[in-house]
Amino acid sequence: MQLLTNLMTPRRPTSTYRLQFSGHLHLAGAATLVDYLSDLGISDVYASPLFRARQQSRSGYDVIDHNAIDPELGTEADLAALAGLLRARDMGLLLDVVPNHMGVDDANNAWWQDVLEHGRNSPYAHFFDIDWEPPKTVLEGRIVLPVLGDQYGNVLERGELKLAYEGQRFLVHYYHRTFPIAARTWPQILQPALERHLTLPADDAARMELESIMTSLVHQPAAGASDREEIRAARREEEVARRRLAALLESNRAVQDAIAATLTEFNGRAGDPRSFDPLEALLAEQTYRLCYWRVAADEINYRRFFDINELAALRVEDPDVFAASHEMVFRWLERGWVTGLRIDHPDGLLDPSSTCSIFRKGTGGFCPRPPRRPHPFMWLSSESSDTTSRSPPRGPCTGRRGMTFSIR
């Protein structure tokens with residue numbers, strides 16, 4: 001376990017009590033325990049991650065948004081109230097932070113979903129450690145997602161992949177998993193809706209609007225485009241097209257019916273393998289490739305946390321990634337709500353010593369903002385359940401199991 005404490009005044013935790021936050025224990029509930037913990041002689045509450053985690057998470061370590069409190073746990077106001085109660089009793093709050101991975105099996109992970117939709121053109125493409133040029137040329141520029149419970153063809157022909165329109169987007173559902181359909185491929189859906197299912201005359205305003213939307217989506221930059229301004233312009237056009245289509249569907253029943261009929265068509269008919277051809281062709285144009293989970297060891301091309309497919313590694317060694325994923329943490333440190341950090345699995349970082357040194361500097365280095373006040377004291381402890389062995393430190397923030405040391 002790595003404990004990193006960053007304080008405005010010298011402070012060493014002398015006794016900690018760990019609270020596992022979840023739907024059963026939220027921030028407001030923890031506030032009611034402060035007097036009890038103080039009476040026990042606890043100097044610091046050690047909190048499990050408070051960041052937004054994937055749905056029904058029991059641990060909080062499968063973070064999907066590093067800059068939002070999990071709504072099941074409470075709000076920033078609740079955190080401020082808890083911090084105030086602790087401060088009044090001269091107690092601190094140590095927070096678990098998860099710098100090296102994110103949960104990616106939840107559609108609310110905006111960074112990962114954007115990468116799945118836009119591939120290398122996504123502004124978050126470099127946030128994750130993805131090999132965009134794997135040995136198999138057929139996978140170039142794609143992300144292999146080993147999420148299916150059977151071979152792709154079997155899953156497709158059983159109708160387990162469902163195309164839908166929700167939240168102003170076309171999506172594919174596979175049980176609880178959701179995958180975006182890139183806007184540049186929407187014409188594959190809109191064209192048959194226009195030709196086969198929309199009965200409006202050629203000069204009808206709604207029909208012409210649908211044709212115009214489709215035309216605006218055809219001219220999108222290729223995956224891996226290098227012209228950043230072209231990519232930004234395309235994203236603006238894409239967002240306008242989304243809103244226009246949503247407004248058209250809301251206002252015109254004929255267009256609604258045409259899209260609904262097309263979705264039914266794409267989702268095929270059990271016992272008729274050819275009926276799934278349109279959906280197969282659509283999925284073939286996406287940045288991701290859905291495949292059987294058993295191929296993960298051979299074909300997966302994004303770095304995971306250990307071998308857990310649902311936890312994708314973050315490139316936290318990149319200054320942009322570090323800043324984006326720790327903005328809220330350093331704001332809490334600056335406000336004094338959090339008095340120390342536990343760094344989860346520093347052994348999974350590319351350069352643990354450098355990363356921990358950045359934490360150690362508070363809001364210095366390439367953290368989101370310069371410090372308003374200096375952080376004069378740093379204390380670090382590395383401990384292990386193995387208390388029988390002692391080894392010298394290997395660096396300023398990492399060491400072998402079972403050693404304890406301090407840094408000022």
# chains A, B, ... in the order shown; residues from 1 in each chain; ligands from 1

call {"tool": "closest_atom_pairs", "arguments": {"of": "segment 277-344 of chain A", "to": "segment 134-141 of chain A", "cutoff": "9 Å", "atoms": "only C-alpha atoms", "output": "tab-separated table"}}
result
residue	atom	partner	partner_atom	distance
A:Thr287	CA	A:Gly141	CA	6.9
A:Tyr288	CA	A:Gly141	CA	8.6
A:Arg289	CA	A:Leu139	CA	8.0
A:Glu299	CA	A:Pro134	CA	8.5
A:Asn301	CA	A:Pro134	CA	6.8

call {"tool": "select_by_dssp", "arguments": {"residues": "segment 198-358 of chain A", "states": "helix (DSSP H, G or I)", "output": "PyMOL selection string"}}
result
chain A and resi 205-218+228-251+253-266+273-284+293-299+319-335+346-348+352-358

call {"tool": "residues_around", "arguments": {"residues": "segment 159-161 of chain A", "least_positions_apart": "3", "cutoff": "12 Å", "atoms": "only C-alpha atoms", "output": "PyMOL selection string"}}
result
chain A and resi 147-156+164+171-179+263-273+275-277+279-280+282-283+290-291

call {"tool": "select_by_dssp", "arguments": {"residues": "segment 137-326 of chain A", "states": "strand (DSSP E)", "output": "PyMOL selection string"}}
result
chain A and resi 143-148+161-166+169-174+177-180+288-292+304-305+308-313

call {"tool": "write_last_selection", "arguments": {"atoms": "C-alpha atoms", "output": "compact mmCIF listing (two decimals), in the first residue's frame"}}
result
# COMPACT_ATOMS: atom_id res chain seq x y z
CA ILE A 143 -9.64 -1.33 -31.13
CA VAL A 144 -10.18 -5.02 -30.45
CA LEU A 145 -12.95 -5.47 -27.90
CA PRO A 146 -13.10 -9.06 -26.61
CA VAL A 147 -16.54 -8.72 -25.03
CA LEU A 148 -18.71 -11.34 -26.74
CA LEU A 161 -26.51 -7.22 -31.09
CA LYS A 162 -29.27 -4.61 -31.26
CA LEU A 163 -29.11 -1.35 -33.21
CA ALA A 164 -31.02 1.49 -31.54
CA TYR A 165 -31.43 5.26 -31.56
CA GLU A 166 -31.12 6.78 -28.09
CA ARG A 169 -27.26 8.83 -31.25
CA PHE A 170 -27.31 5.49 -32.99
CA LEU A 171 -25.95 2.77 -30.71
CA VAL A 172 -25.47 -0.98 -30.61
CA HIS A 173 -26.46 -2.82 -27.45
CA TYR A 174 -24.99 -6.13 -26.36
CA ARG A 177 -22.79 -3.06 -22.94
CA THR A 178 -23.33 -0.13 -25.31
CA PHE A 179 -21.19 0.78 -28.33
CA PRO A 180 -21.48 4.01 -30.36
CA TYR A 288 -13.83 -1.05 -32.81
CA ARG A 289 -14.06 -4.73 -33.58
CA LEU A 290 -16.30 -6.85 -31.36
CA CYS A 291 -14.97 -10.36 -30.82
CA TYR A 292 -15.12 -13.45 -28.62
CA ARG A 304 -5.25 -3.43 -19.49
CA PHE A 305 -5.01 -3.44 -15.72
CA ILE A 308 -9.00 -7.44 -16.90
CA ASN A 309 -10.58 -6.48 -20.23
CA GLU A 310 -12.98 -4.04 -18.56
CA LEU A 311 -10.15 -1.93 -17.06
CA ALA A 312 -8.14 0.00 -19.67
CA ALA A 313 -4.82 1.55 -18.70

call {"tool": "closest_residue", "arguments": {"among": "A:Asn100, A:Gln113, A:Gln168, A:Thr185", "to": "Arg315 of chain A", "atoms": "only C-alpha atoms"}}
result
A:Asn100

call {"tool": "closest_atom_pairs", "arguments": {"of": "segment 18-37 of chain A", "to": "segment 71-85 of chain A", "cutoff": "7 Å", "atoms": "only C-alpha atoms", "output": "CSV"}}
result
residue,atom,partner,partner_atom,distance
A:Phe21,CA,A:Leu73,CA,6.9
A:Ser22,CA,A:Leu73,CA,6.4
A:Gly23,CA,A:Glu72,CA,5.6
A:His26,CA,A:Leu73,CA,4.3
A:Leu27,CA,A:Leu73,CA,5.7
A:Ala28,CA,A:Asp78,CA,6.0
A:Ala31,CA,A:Leu82,CA,5.2

call {"tool": "closest_residue", "arguments": {"among": "A:Arg274, A:Leu86, A:Asp129, A:Arg228", "to": "Leu350 of chain A", "atoms": "only C-alpha atoms"}}
result
A:Asp129

call {"tool": "closest_residue", "arguments": {"among": "A:Ile130, A:Val63, A:Leu40, A:Met102", "to": "Ile300 of chain A", "atoms": "only C-alpha atoms"}}
result
A:Ile130

call {"tool": "closest_residue", "arguments": {"among": "A:Pro278, A:Ser48, A:Ala241, A:Asn109", "to": "Gln191 of chain A", "atoms": "only C-alpha atoms"}}
result
A:Pro278

call {"tool": "closest_residue", "arguments": {"among": "A:Ile64, A:Ala53, A:Leu95, A:Ala88", "to": "Ala110 of chain A", "atoms": "only C-alpha atoms"}}
result
A:Ile64

call {"tool": "atom_distance", "arguments": {"atom1": "atom CA of Trp186 of chain A", "atom2": "atom CA of Asn108 of chain A"}}
result
21.4 Å

call {"tool": "atom_distance", "arguments": {"atom1": "atom CA of Arg54 of chain A", "atom2": "atom CA of Ala296 of chain A"}}
result
21.4 Å

call {"tool": "decode", "arguments": {"residues": "segment 248-277 of chain A", "atoms": "N, CA and C atoms", "output": "PDB file, in the first residue's frame"}}
result
ATOM      1  N   LEU A 248     -35.761  16.716 -36.164  1.00  0.00           N
ATOM      2  CA  LEU A 248     -36.604  16.193 -37.236  1.00  0.00           C
ATOM      3  C   LEU A 248     -37.419  14.999 -36.746  1.00  0.00           C
ATOM      4  N   LEU A 249     -36.780  14.124 -36.008  1.00  0.00           N
ATOM      5  CA  LEU A 249     -37.503  12.958 -35.491  1.00  0.00           C
ATOM      6  C   LEU A 249     -38.584  13.373 -34.504  1.00  0.00           C
ATOM      7  N   GLU A 250     -38.308  14.394 -33.744  1.00  0.00           N
ATOM      8  CA  GLU A 250     -39.288  14.854 -32.753  1.00  0.00           C
ATOM      9  C   GLU A 250     -40.496  15.509 -33.407  1.00  0.00           C
ATOM     10  N   SER A 251     -40.283  16.102 -34.569  1.00  0.00           N
ATOM     11  CA  SER A 251     -41.357  16.890 -35.183  1.00  0.00           C
ATOM     12  C   SER A 251     -42.109  16.170 -36.295  1.00  0.00           C
ATOM     13  N   ASN A 252     -41.558  15.057 -36.803  1.00  0.00           N
ATOM     14  CA  ASN A 252     -42.167  14.429 -37.970  1.00  0.00           C
ATOM     15  C   ASN A 252     -42.383  12.940 -37.752  1.00  0.00           C
ATOM     16  N   ARG A 253     -43.650  12.529 -37.714  1.00  0.00           N
ATOM     17  CA  ARG A 253     -43.981  11.132 -37.449  1.00  0.00           C
ATOM     18  C   ARG A 253     -43.548  10.222 -38.596  1.00  0.00           C
ATOM     19  N   ALA A 254     -43.611  10.700 -39.818  1.00  0.00           N
ATOM     20  CA  ALA A 254     -43.233   9.869 -40.965  1.00  0.00           C
ATOM     21  C   ALA A 254     -41.754   9.491 -40.906  1.00  0.00           C
ATOM     22  N   VAL A 255     -40.913  10.451 -40.517  1.00  0.00           N
ATOM     23  CA  VAL A 255     -39.478  10.171 -40.385  1.00  0.00           C
ATOM     24  C   VAL A 255     -39.240   9.214 -39.223  1.00  0.00           C
ATOM     25  N   GLN A 256     -39.974   9.405 -38.127  1.00  0.00           N
ATOM     26  CA  GLN A 256     -39.868   8.480 -36.992  1.00  0.00           C
ATOM     27  C   GLN A 256     -40.149   7.049 -37.436  1.00  0.00           C
ATOM     28  N   ASP A 257     -41.245   6.877 -38.164  1.00  0.00           N
ATOM     29  CA  ASP A 257     -41.646   5.543 -38.596  1.00  0.00           C
ATOM     30  C   ASP A 257     -40.619   4.937 -39.550  1.00  0.00           C
ATOM     31  N   ALA A 258     -40.053   5.767 -40.430  1.00  0.00           N
ATOM     32  CA  ALA A 258     -39.066   5.274 -41.385  1.00  0.00           C
ATOM     33  C   ALA A 258     -37.804   4.787 -40.668  1.00  0.00           C
ATOM     34  N   ILE A 259     -37.348   5.551 -39.668  1.00  0.00           N
ATOM     35  CA  ILE A 259     -36.162   5.145 -38.904  1.00  0.00           C
ATOM     36  C   ILE A 259     -36.449   3.886 -38.108  1.00  0.00           C
ATOM     37  N   ALA A 260     -37.632   3.817 -37.498  1.00  0.00           N
ATOM     38  CA  ALA A 260     -37.991   2.637 -36.712  1.00  0.00           C
ATOM     39  C   ALA A 260     -38.025   1.389 -37.585  1.00  0.00           C
ATOM     40  N   ALA A 261     -38.582   1.509 -38.785  1.00  0.00           N
ATOM     41  CA  ALA A 261     -38.641   0.368 -39.703  1.00  0.00           C
ATOM     42  C   ALA A 261     -37.240  -0.058 -40.134  1.00  0.00           C
ATOM     43  N   THR A 262     -36.366   0.918 -40.314  1.00  0.00           N
ATOM     44  CA  THR A 262     -34.988   0.608 -40.718  1.00  0.00           C
ATOM     45  C   THR A 262     -34.242  -0.102 -39.603  1.00  0.00           C
ATOM     46  N   LEU A 263     -34.437   0.331 -38.363  1.00  0.00           N
ATOM     47  CA  LEU A 263     -33.786  -0.329 -37.231  1.00  0.00           C
ATOM     48  C   LEU A 263     -34.246  -1.781 -37.117  1.00  0.00           C
ATOM     49  N   THR A 264     -35.537  -2.015 -37.300  1.00  0.00           N
ATOM     50  CA  THR A 264     -36.069  -3.382 -37.280  1.00  0.00           C
ATOM     51  C   THR A 264     -35.418  -4.213 -38.371  1.00  0.00           C
ATOM     52  N   GLU A 265     -35.261  -3.631 -39.522  1.00  0.00           N
ATOM     53  CA  GLU A 265     -34.633  -4.311 -40.654  1.00  0.00           C
ATOM     54  C   GLU A 265     -33.182  -4.670 -40.331  1.00  0.00           C
ATOM     55  N   PHE A 266     -32.439  -3.732 -39.767  1.00  0.00           N
ATOM     56  CA  PHE A 266     -31.031  -3.968 -39.432  1.00  0.00           C
ATOM     57  C   PHE A 266     -30.877  -5.056 -38.375  1.00  0.00           C
ATOM     58  N   ASN A 267     -31.828  -5.154 -37.473  1.00  0.00           N
ATOM     59  CA  ASN A 267     -31.695  -6.114 -36.379  1.00  0.00           C
ATOM     60  C   ASN A 267     -32.049  -7.537 -36.777  1.00  0.00           C
ATOM     61  N   GLY A 268     -32.409  -7.750 -38.037  1.00  0.00           N
ATOM     62  CA  GLY A 268     -32.518  -9.082 -38.612  1.00  0.00           C
ATOM     63  C   GLY A 268     -33.654  -9.936 -38.080  1.00  0.00           C
ATOM     64  N   ARG A 269     -33.670 -11.151 -38.622  1.00  0.00           N
ATOM     65  CA  ARG A 269     -34.710 -12.131 -38.260  1.00  0.00           C
ATOM     66  C   ARG A 269     -34.046 -13.448 -37.908  1.00  0.00           C
ATOM     67  N   ALA A 270     -34.402 -13.970 -36.756  1.00  0.00           N
ATOM     68  CA  ALA A 270     -33.845 -15.261 -36.332  1.00  0.00           C
ATOM     69  C   ALA A 270     -34.107 -16.324 -37.385  1.00  0.00           C
ATOM     70  N   GLY A 271     -33.104 -17.106 -37.708  1.00  0.00           N
ATOM     71  CA  GLY A 271     -33.233 -18.157 -38.694  1.00  0.00           C
ATOM     72  C   GLY A 271     -32.941 -17.704 -40.114  1.00  0.00           C
ATOM     73  N   ASP A 272     -32.676 -16.428 -40.301  1.00  0.00           N
ATOM     74  CA  ASP A 272     -32.376 -15.890 -41.632  1.00  0.00           C
ATOM     75  C   ASP A 272     -31.031 -15.161 -41.559  1.00  0.00           C
ATOM     76  N   PRO A 273     -29.922 -15.880 -41.720  1.00  0.00           N
ATOM     77  CA  PRO A 273     -28.590 -15.273 -41.566  1.00  0.00           C
ATOM     78  C   PRO A 273     -28.372 -14.056 -42.467  1.00  0.00           C
ATOM     79  N   ARG A 274     -28.890 -14.069 -43.682  1.00  0.00           N
ATOM     80  CA  ARG A 274     -28.657 -12.959 -44.600  1.00  0.00           C
ATOM     81  C   ARG A 274     -29.321 -11.665 -44.122  1.00  0.00           C
ATOM     82  N   SER A 275     -30.333 -11.797 -43.275  1.00  0.00           N
ATOM     83  CA  SER A 275     -31.026 -10.594 -42.805  1.00  0.00           C
ATOM     84  C   SER A 275     -30.154  -9.740 -41.889  1.00  0.00           C
ATOM     85  N   PHE A 276     -29.033 -10.311 -41.421  1.00  0.00           N
ATOM     86  CA  PHE A 276     -28.133  -9.564 -40.544  1.00  0.00           C
ATOM     87  C   PHE A 276     -26.995  -8.903 -41.322  1.00  0.00           C
ATOM     88  N   ASP A 277     -27.001  -9.033 -42.633  1.00  0.00           N
ATOM     89  CA  ASP A 277     -25.929  -8.450 -43.449  1.00  0.00           C
ATOM     90  C   ASP A 277     -25.804  -6.937 -43.283  1.00  0.00           C
TER      91      ASP A 277
END
